[in-house]
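Colleague: Take this structure first; my questions come after.
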Amino acid sequence: MVDTINKGTIKIGLNLTMFLGSLIALFAGIFPGILGVWVYYAWKYVVPEYIKVGHAHASWWAVLIVIAALFLPGAPLKRWVKKFIAFTSVAATPVWMAAISAYYLGKEASGVHAIISLSPLQIHSWGFLLYGMAMFLLEVWIFWSLGLVFLSVLGAKIPLISSDDTEKSKYELMTDIEIPVKIFRTPLIFALLGILMGWGLILFFKLPDKAITPAALVQLHTHIFFFIVGYILTMITMKVAQVKESVFNFTCKLGGMVIALIFLGWAAFNAFNLHSIVHVIPSLLYLAMMIMGLLALFGKFGLKDTGELHFNFVRVAMIFTWIILLLYVAVGPVISLVWDTNPNLTVTYNQADGVYPGKYPQKYDGTAPVVNNPRGLENLHLSPASWSHVAIFWILVLWIFGEPISKLINSPTLIFMVVTTIPMAPLFNSFGRIAAWLGLPSGIGGMWFAAHPLKFFNDFVLIVIVAIVLYRLKQKGSNQ
């Protein structure tokens, strides 16, 4: 495997412990999110900020963890480092979720708002500042462990950590599918910028208890990660489908350029108060890249013989989910061109005076859908699209590793059931969002009574499946 790194490629594998960690991290994210929505609709209680922040971050971190899980087996790292990274994936996100909940609840109970004042520099609460530093260190722990995977894949030799031996552990699955490591160079650079941007928002706005200005700084932080994830997803999918090398290289270059243009577009939008077209054009190029990935799944660029695809029905489920993802993503440019035309306006948050779009609210006031209002479109864009990314990565894992997993659990029909129900969660989510936006009676029920239960069901079933696989592999190793 080190030889493949030396020639600029890495074999796709799956660290099962890390995959389990991504499922646990996702559970830590979706549970408070769903709880917040249900509490709002039951008692009209505005969703607390820590639930929104925790739900979004933990859920997307779970996606980053599953990406790293696909490349940890081939990463030239020492065995103890891999175990540390796998442990981090299981433990760190739930701990962070508990910490941020306690932090915000404690602030509310104590009546503390601003932790610091940057001008003049003044500390209002040492206790909560130290608590915040602890959460910051948790985030450093999470990102550093993920960064180690991708840095090692890119060939970085880190003293005491790197290894010339990448022997597969008993809790890892491996394929012969090789993917160029160059696909990680641009994402790693801009992911670092996105992380620094997030920490900057905390330092300059959250700790002093100020409204984020301009409002679109939030999108600069979040969207760069959305596009990075979509790019890596497309590249992995193309390799699994064995598209022509020329098509892969073209898409790789296009995706790297799109990530850079997206970041520069959002940065210019915020810095110079430009029209939203500066970031909409790169987003259209991103849609073109995602369409290339969809065409690869259809076999337009040299799809592997379907007889060699162990679980071809999984590819069909992936095509379906990819199509609805494209529809949800396409709503974003519409919102930007029609409503969010300058960086000081947003439809992401409820405005106190009910005017949409409006400035980023000084006081957080929830994100409830509004009938016949662009806020409802934002819900359609954000929630089902986010869940579709998760769904496609799950399906991708089962497309690649479904056969060995089904043999270990001795239940191929269980895999079939999961694959057919995974795409339904984002689909029913969107049905509920659209019906609520149209003002239909009990329209949101599609999300309440179909999408939410399916989310939990799919996550829970996959956790059970992976736990069984880990147990069987442990037994198999003990018997050898």
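Just so we're on the same page: first chain in the structure tokens is A, next is B, and so on; residues restart at 1 for each chain, and ligands are numbered from 1 in the order they show up.
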Neighbouring residues of Lys7 (chain A) were defined as those with any atom within 12 Å, considering only C-alpha atoms; residues of the same chain fewer than 6 positions away were excluded. Please report them as a compact mmCIF listing (two decimals) with C-alpha atoms, in the first residue's frame.
Modeller:
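And here is the file that came out, selection23.txt:
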# COMPACT_ATOMS: atom_id res chain seq x y z
CA MET A 1 0.00 0.00 0.00
CA VAL A 153 -2.41 9.92 2.24
CA LEU A 154 -0.78 12.89 0.50
CA GLY A 155 2.62 11.49 1.48
CA GLU A 178 -7.00 2.90 -6.58
CA ILE A 179 -7.70 6.62 -6.57
CA PRO A 180 -5.16 9.43 -7.16
CA VAL A 181 -4.22 11.20 -3.93
CA LYS A 182 -4.15 14.52 -5.79
Colleague: Tell me, which residues of region 113-211 of chain A carry DSSP alpha helix (DSSP H), written as a ChimeraX atom specification?
Modeller: /A:126-153,185-201
Colleague: Counting only C-alpha atoms, which of A:Ile34, A:Val66, A:Leu207, A:Ala391 gets nearest to Val90 (chain A)?
Modeller: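 Between A:Ile34, A:Val66, A:Leu207, A:Ala391, the residue approaching Val90 (chain A) most closely is A:Val66.
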Colleague: Restricting the calculation to only C-alpha atoms, which member of A:Lys244, A:Lys206, A:Lys455, A:His55 is positioned closest to Phe428 (chain A)?
Modeller: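 Of the candidates, the smallest distance to Phe428 (chain A) is held by A:Lys455.
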Colleague: What does the structure give for the distance between CA of Pro208 (chain A) and CA of Ser125 (chain A), in Å to one decimal?
Modeller: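 Taking CA of Pro208 (chain A) and CA of Ser125 (chain A), their separation equals 10.9 Å.
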Colleague: Please identify all polymer residues within 12 Å of region 459-475 of chain A, counting only C-alpha atoms, omitting same-chain residues fewer than 3 positions from it, and present them as a PyMOL selection string.
Modeller: chain A and resi 14-31+59+62+90+169-173+387+390-391+394-395+397-398+401-402+404-412+414-415+417-419+421-422+425+452-456+478-480
Colleague: At what distance in Å, to one decimal, does CA of Glu49 (chain A) lie from CA of Tyr356 (chain A)?
Modeller: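 Separating CA of Tyr356 (chain A) from CA of Glu49 (chain A) is a distance of 20.3 Å.
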Colleague: Would you please give, as a list of chain:residue names, all residues of region 58-151 of chain A that DSSP assigns to strand (DSSP E) based on the backbone?
Modeller: A:Ile116, A:Ser117, A:Leu118, A:Leu121, A:Gln122, A:Ile123
Colleague: Can you tell me which residues surround region 111-118 of chain A at a distance of at most 12 Å, considering only C-alpha atoms, apart from same-chain residues fewer than 2 positions away, and format the answer as a ChimeraX atom specification?
Modeller: /A:103-109,120-133,202-211,363
Colleague: One decimal, Å: what's the distance from CA of Asp165 (chain A) over to CA of Pro73 (chain A), could you say?
Modeller: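 Between these atoms lies a distance of 11.1 Å.
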Colleague: For a quick check of understanding, using only C-alpha atoms, which of A:Pro343, A:Pro187, A:Gly200, A:Gly445 has the smallest distance to Ile259 (chain A)?
Modeller: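 With only C-alpha atoms as the atom set, the closest residue is A:Pro187.
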Colleague: Fewer than 5 positions away in the same chain doesn't count, so skip those; otherwise give me all residues within 12 Å of Gly194 (chain A), counting only C-alpha atoms, as a list of chain:residue names.
Modeller: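 These residues fall inside the cut-off: A:Phe143, A:Pro187, A:Leu188, A:Ile189, A:Trp199, A:Gly200, A:Leu201, A:Leu217, A:Val218, A:Gln219, A:Leu220, A:His221, A:Thr222, A:His223, A:Ile224, A:Phe225, A:Phe226, A:Phe227, A:Ile228, A:Ile259, A:Ala260, A:Ile262, A:Phe263, A:Leu264, A:Trp266, A:Ala267.
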Colleague: Could those selected residues go to a file with N, CA and C atoms, as a short mmCIF file (atom, residue, chain, number, x, y, z; two decimals), in the first residue's frame?
Modeller:
data_model
loop_
_atom_site.label_atom_id
_atom_site.label_comp_id
_atom_site.auth_asym_id
_atom_site.auth_seq_id
_atom_site.Cartn_x
_atom_site.Cartn_y
_atom_site.Cartn_z
N PHE A 143 -10.42 17.57 14.36
CA PHE A 143 -9.89 17.95 13.05
C PHE A 143 -8.46 17.46 12.86
N PRO A 187 -8.98 20.29 -1.61
CA PRO A 187 -9.91 20.24 -0.47
C PRO A 187 -9.24 20.48 0.87
N LEU A 188 -8.04 19.95 1.06
CA LEU A 188 -7.37 20.09 2.36
C LEU A 188 -7.02 21.55 2.63
N ILE A 189 -6.57 22.27 1.60
CA ILE A 189 -6.22 23.68 1.77
C ILE A 189 -7.44 24.51 2.16
N TRP A 199 -13.76 29.29 13.42
CA TRP A 199 -13.23 29.75 14.70
C TRP A 199 -13.22 31.28 14.79
N GLY A 200 -13.01 31.94 13.65
CA GLY A 200 -13.06 33.39 13.63
C GLY A 200 -14.45 33.91 13.95
N LEU A 201 -15.48 33.25 13.44
CA LEU A 201 -16.86 33.65 13.75
C LEU A 201 -17.14 33.54 15.24
N LEU A 217 -21.14 35.68 5.96
CA LEU A 217 -19.93 35.03 6.47
C LEU A 217 -20.23 33.60 6.91
N VAL A 218 -21.46 33.37 7.36
CA VAL A 218 -21.86 32.02 7.75
C VAL A 218 -21.79 31.08 6.55
N GLN A 219 -22.32 31.54 5.40
CA GLN A 219 -22.29 30.71 4.19
C GLN A 219 -20.87 30.50 3.69
N LEU A 220 -20.01 31.50 3.85
CA LEU A 220 -18.61 31.32 3.47
C LEU A 220 -17.99 30.17 4.25
N HIS A 221 -18.32 30.10 5.53
CA HIS A 221 -17.80 29.02 6.38
C HIS A 221 -18.40 27.66 6.01
N THR A 222 -19.71 27.61 5.81
CA THR A 222 -20.37 26.31 5.63
C THR A 222 -20.27 25.77 4.21
N HIS A 223 -20.47 26.64 3.23
CA HIS A 223 -20.60 26.14 1.87
C HIS A 223 -19.30 25.58 1.31
N ILE A 224 -18.17 26.08 1.77
CA ILE A 224 -16.92 25.52 1.28
C ILE A 224 -16.81 24.04 1.63
N PHE A 225 -17.33 23.65 2.80
CA PHE A 225 -17.31 22.24 3.18
C PHE A 225 -18.33 21.44 2.37
N PHE A 226 -19.50 22.03 2.11
CA PHE A 226 -20.50 21.33 1.29
C PHE A 226 -19.92 20.98 -0.08
N PHE A 227 -19.23 21.94 -0.68
CA PHE A 227 -18.69 21.71 -2.02
C PHE A 227 -17.50 20.75 -2.00
N ILE A 228 -16.71 20.80 -0.94
CA ILE A 228 -15.60 19.85 -0.80
C ILE A 228 -16.12 18.43 -0.71
N ILE A 259 -13.97 24.54 -6.28
CA ILE A 259 -13.78 24.79 -4.85
C ILE A 259 -13.11 26.13 -4.62
N ALA A 260 -12.05 26.39 -5.39
CA ALA A 260 -11.34 27.67 -5.25
C ALA A 260 -12.25 28.85 -5.62
N ILE A 262 -15.54 28.96 -5.60
CA ILE A 262 -16.61 29.10 -4.61
C ILE A 262 -16.12 29.90 -3.41
N PHE A 263 -14.94 29.55 -2.91
CA PHE A 263 -14.39 30.27 -1.76
C PHE A 263 -14.14 31.73 -2.11
N LEU A 264 -13.51 31.99 -3.26
CA LEU A 264 -13.21 33.36 -3.66
C LEU A 264 -14.49 34.14 -3.92
N TRP A 266 -17.58 33.66 -2.53
CA TRP A 266 -18.22 34.02 -1.26
C TRP A 266 -17.40 35.06 -0.51
N ALA A 267 -16.06 34.96 -0.60
CA ALA A 267 -15.21 35.94 0.08
C ALA A 267 -15.40 37.33 -0.52
#
Colleague: Quick one: residues within 8 Å of Ile392 (chain A), only C-alpha atoms, excluding same-chain residues fewer than 5 positions away - as a PyMOL selection string?
Modeller: chain A and resi 318+321-322
Colleague: Name all residues at most 7 Å from region 326-334 of chain A (count only C-alpha atoms; drop same-chain ones fewer than 4 positions away) and give them as a VMD selection string.
Modeller: chain A and resid 280 322 338 380 to 381 384 to 385
Colleague: When distances are computed from only C-alpha atoms, which of A:Pro357, A:Gly147, A:Ser430, A:Leu297 shows the smallest separation from Leu382 (chain A)?
Modeller: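 Smallest separation from Leu382 (chain A) among the options: A:Ser430.
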